[in-house]
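File shown: final.pdb. Contents: PDB, C-alpha atoms and all ligand atoms.
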```
MODEL        1
ATOM      1  CA  MET A   1       1.268  -2.328  18.027  1.00  0.00           C
ATOM      2  CA  ASP A   2       0.782   1.303  18.926  1.00  0.00           C
ATOM      3  CA  ASP A   3      -1.457   2.884  16.283  1.00  0.00           C
ATOM      4  CA  VAL A   4      -0.314   6.434  17.061  1.00  0.00           C
ATOM      5  CA  ASP A   5       3.339   5.471  16.702  1.00  0.00           C
ATOM      6  CA  LEU A   6       2.635   3.699  13.435  1.00  0.00           C
ATOM      7  CA  THR A   7       0.826   6.765  12.094  1.00  0.00           C
ATOM      8  CA  ARG A   8       3.799   8.962  12.963  1.00  0.00           C
ATOM      9  CA  ARG A   9       6.256   6.569  11.345  1.00  0.00           C
ATOM     10  CA  ALA A  10       4.020   6.233   8.310  1.00  0.00           C
ATOM     11  CA  SER A  11       4.036   9.935   7.488  1.00  0.00           C
ATOM     12  CA  GLY A  12       5.128  10.431   3.909  1.00  0.00           C
ATOM     13  CA  LEU A  13       3.305   7.256   2.960  1.00  0.00           C
ATOM     14  CA  VAL A  14      -0.060   6.598   1.395  1.00  0.00           C
ATOM     15  CA  VAL A  15      -2.216   3.575   2.136  1.00  0.00           C
ATOM     16  CA  VAL A  16      -3.348   1.683  -0.939  1.00  0.00           C
ATOM     17  CA  ARG A  17      -5.483  -1.441  -1.318  1.00  0.00           C
ATOM     18  CA  LEU A  18      -5.830  -3.450  -4.521  1.00  0.00           C
ATOM     19  CA  ARG A  19      -9.280  -3.604  -6.026  1.00  0.00           C
ATOM     20  CA  ARG A  20     -10.904  -7.006  -6.279  1.00  0.00           C
ATOM     21  CA  GLY A  21     -10.060  -8.500  -9.687  1.00  0.00           C
ATOM     22  CA  ALA A  22      -6.889  -6.439 -10.221  1.00  0.00           C
ATOM     23  CA  ALA A  23      -4.174  -8.391 -12.004  1.00  0.00           C
ATOM     24  CA  LEU A  24      -1.332  -9.524  -9.745  1.00  0.00           C
ATOM     25  CA  PRO A  25       2.230 -10.298 -10.821  1.00  0.00           C
ATOM     26  CA  GLY A  26       1.972 -13.709 -12.442  1.00  0.00           C
ATOM     27  CA  GLY A  27      -1.432 -12.988 -13.916  1.00  0.00           C
ATOM     28  CA  ARG A  28      -3.678 -14.128 -11.063  1.00  0.00           C
ATOM     29  CA  LEU A  29      -6.562 -11.834 -10.192  1.00  0.00           C
ATOM     30  CA  ALA A  30      -6.742 -10.297  -6.736  1.00  0.00           C
ATOM     31  CA  GLY A  31      -9.221 -11.973  -4.446  1.00  0.00           C
ATOM     32  CA  GLU A  32     -10.377 -10.851  -1.023  1.00  0.00           C
ATOM     33  CA  SER A  33      -7.268 -12.276   0.703  1.00  0.00           C
ATOM     34  CA  ASP A  34      -5.058 -10.163  -1.586  1.00  0.00           C
ATOM     35  CA  ARG A  35      -6.746  -6.945  -0.565  1.00  0.00           C
ATOM     36  CA  THR A  36      -4.369  -5.966   2.203  1.00  0.00           C
ATOM     37  CA  ALA A  37      -3.550  -2.337   2.916  1.00  0.00           C
ATOM     38  CA  HIS A  38      -0.096  -1.574   1.518  1.00  0.00           C
ATOM     39  CA  LEU A  39       2.077   1.378   2.469  1.00  0.00           C
ATOM     40  CA  CYS A  40       3.551   3.274  -0.472  1.00  0.00           C
ATOM     41  CA  PRO A  41       5.919   6.248  -0.389  1.00  0.00           C
ATOM     42  CA  VAL A  42       4.203   9.368  -1.679  1.00  0.00           C
ATOM     43  CA  PRO A  43       5.057   9.362  -5.367  1.00  0.00           C
ATOM     44  CA  HIS A  44       6.999  12.128  -7.034  1.00  0.00           C
ATOM     45  CA  CYS A  45       5.203  11.688 -10.315  1.00  0.00           C
ATOM     46  CA  GLU A  46       2.941  13.905 -12.301  1.00  0.00           C
ATOM     47  CA  ARG A  47       1.003  11.346 -14.290  1.00  0.00           C
ATOM     48  CA  ALA A  48      -1.870   9.466 -12.680  1.00  0.00           C
ATOM     49  CA  SER A  49      -0.891   6.395 -14.685  1.00  0.00           C
ATOM     50  CA  ASP A  50       2.505   6.086 -12.986  1.00  0.00           C
ATOM     51  CA  SER A  51       2.777   3.030 -10.810  1.00  0.00           C
ATOM     52  CA  LEU A  52       3.318   2.997  -7.061  1.00  0.00           C
ATOM     53  CA  THR A  53       5.743   0.648  -5.366  1.00  0.00           C
ATOM     54  CA  ALA A  54       4.701  -0.509  -1.923  1.00  0.00           C
ATOM     55  CA  LEU A  55       7.296  -0.935   0.808  1.00  0.00           C
ATOM     56  CA  CYS A  56       6.903  -4.697   0.340  1.00  0.00           C
ATOM     57  CA  GLY A  57       7.908  -4.322  -3.308  1.00  0.00           C
ATOM     58  CA  LEU A  58       4.488  -4.822  -4.868  1.00  0.00           C
ATOM     59  CA  VAL A  59       4.034  -2.589  -7.910  1.00  0.00           C
ATOM     60  CA  ILE A  60       0.534  -1.132  -7.955  1.00  0.00           C
ATOM     61  CA  LEU A  61      -1.175   0.696 -10.789  1.00  0.00           C
ATOM     62  CA  PRO A  62      -3.360   3.469  -9.311  1.00  0.00           C
ATOM     63  CA  VAL A  63      -6.274   2.585 -11.604  1.00  0.00           C
ATOM     64  CA  ARG A  64      -6.354  -0.896 -10.011  1.00  0.00           C
ATOM     65  CA  ALA A  65      -6.273   0.258  -6.405  1.00  0.00           C
ATOM     66  CA  ASP A  66      -8.108   2.366  -3.868  1.00  0.00           C
ATOM     67  CA  LEU A  67      -6.417   5.086  -1.850  1.00  0.00           C
ATOM     68  CA  LEU A  68      -7.419   4.650   1.793  1.00  0.00           C
ATOM     69  CA  PRO A  69      -7.699   7.564   4.238  1.00  0.00           C
ATOM     70  CA  ALA A  70      -5.888   5.607   6.968  1.00  0.00           C
ATOM     71  CA  LEU A  71      -4.381   2.223   7.689  1.00  0.00           C
ATOM     72  CA  THR A  72      -7.608   0.264   7.982  1.00  0.00           C
ATOM     73  CA  GLY A  73      -8.642  -3.299   7.304  1.00  0.00           C
ATOM     74  CA  MET A  74      -5.973  -5.978   7.022  1.00  0.00           C
ATOM     75  CA  PRO A  75      -2.502  -4.407   6.743  1.00  0.00           C
ATOM     76  CA  CYS A  76       0.241  -5.963   4.610  1.00  0.00           C
ATOM     77  CA  PRO A  77       2.666  -7.554   7.112  1.00  0.00           C
ATOM     78  CA  ALA A  78       5.735  -6.922   4.943  1.00  0.00           C
ATOM     79  CA  CYS A  79       4.880  -3.230   4.555  1.00  0.00           C
ATOM     80  CA  LEU A  80       4.348  -2.903   8.312  1.00  0.00           C
ATOM     81  CA  VAL A  81       7.705  -4.491   9.103  1.00  0.00           C
ATOM     82  CA  ARG A  82       9.531  -2.182   6.720  1.00  0.00           C
ATOM     83  CA  ALA A  83       7.678   0.909   7.999  1.00  0.00           C
ATOM     84  CA  THR A  84       8.269   0.153  11.656  1.00  0.00           C
ATOM     85  CA  CYS A  85      11.899  -0.915  11.292  1.00  0.00           C
ATOM     86  CA  GLY A  86      12.923   2.487  10.020  1.00  0.00           C
ATOM     87  CA  ALA A  87      13.251   1.485   6.363  1.00  0.00           C
ATOM     88  CA  VAL A  88      11.538   4.761   5.552  1.00  0.00           C
ATOM     89  CA  GLY A  89      12.933   8.083   6.667  1.00  0.00           C
TER      90      GLY A  89
HETATM   91 ZN    ZN A 101       2.722  -4.457   1.122  1.00  0.00          ZN
ENDMDL
END
```
Would you kindly transcribe this structure into structure tokens?
Ligand SMILES: [Zn+2]
Amino acid sequence: MDDVDLTRRASGLVVVRLRRGAALPGGRLAGESDRTAHLCPVPHCERASDSLTALCGLVILPVRADLLPALTGMPCPACLVRATCGAVG
């Protein structure tokens, strides 16, 4: 995949990775394999406690995640598919 093209398509998105031990839907705690880099539309919220929804549908609380400066590490495959298929304007 072309990194430059992905960066261009991903504009308007932030890259977020769950912190180890963050609660996942269903109650399980995030382990290392759950720490993929998700793409989230830039939120239009004013409160830091508002949740983010990744392109893959995962709801992420900002206090349980790290904001990454770029798409690094292991990317979330579902987020990548949605970002590169034009699901985001
Ligand atoms: Zn994702």
Please report, as CSV, each residue of chain A lying at most 10 Å from ligand ZN 101 (chain A), together with the nearest pair of atoms and the separation in Å rounded to one decimal; use all atoms listed in the file, and order rows by chain and ascending residue number.
```
residue,atom,partner,partner_atom,distance
A:Val15,CA,A:ZN101,ZN,9.5
A:Val16,CA,A:ZN101,ZN,8.9
A:Arg17,CA,A:ZN101,ZN,9.1
A:Arg35,CA,A:ZN101,ZN,9.9
A:Thr36,CA,A:ZN101,ZN,7.3
A:Ala37,CA,A:ZN101,ZN,6.9
A:His38,CA,A:ZN101,ZN,4.1
A:Leu39,CA,A:ZN101,ZN,6.0
A:Cys40,CA,A:ZN101,ZN,7.9
A:Thr53,CA,A:ZN101,ZN,8.8
A:Ala54,CA,A:ZN101,ZN,5.4
A:Leu55,CA,A:ZN101,ZN,5.8
A:Cys56,CA,A:ZN101,ZN,4.3
A:Gly57,CA,A:ZN101,ZN,6.8
A:Leu58,CA,A:ZN101,ZN,6.3
A:Val59,CA,A:ZN101,ZN,9.3
A:Ile60,CA,A:ZN101,ZN,9.9
A:Pro75,CA,A:ZN101,ZN,7.7
A:Cys76,CA,A:ZN101,ZN,4.5
A:Pro77,CA,A:ZN101,ZN,6.7
A:Ala78,CA,A:ZN101,ZN,5.5
A:Cys79,CA,A:ZN101,ZN,4.2
A:Leu80,CA,A:ZN101,ZN,7.5
A:Val81,CA,A:ZN101,ZN,9.4
A:Arg82,CA,A:ZN101,ZN,9.1
```
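We find CA of Asp34 (chain A) and CA of Leu18 (chain A) to be spaced 7.4 Å apart.
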As JSON, what would the box around region 67-79 of chain A look like: edges along x, y and z, 6 Å added on every side, centre and edge lengths in Å to one decimal?
```
{"center_x": -1.5, "center_y": 0.0, "center_z": 3.1, "size_x": 26.4, "size_y": 27.1, "size_z": 21.8}
```
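Rounded to one decimal, CA of Ala83 (chain A) and CA of Leu13 (chain A) lie 9.2 Å from each other.
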Could you jot down the CA of Arg19 (chain A) to CA of Arg64 (chain A) separation for me, Å, one decimal place? 5.6 Å
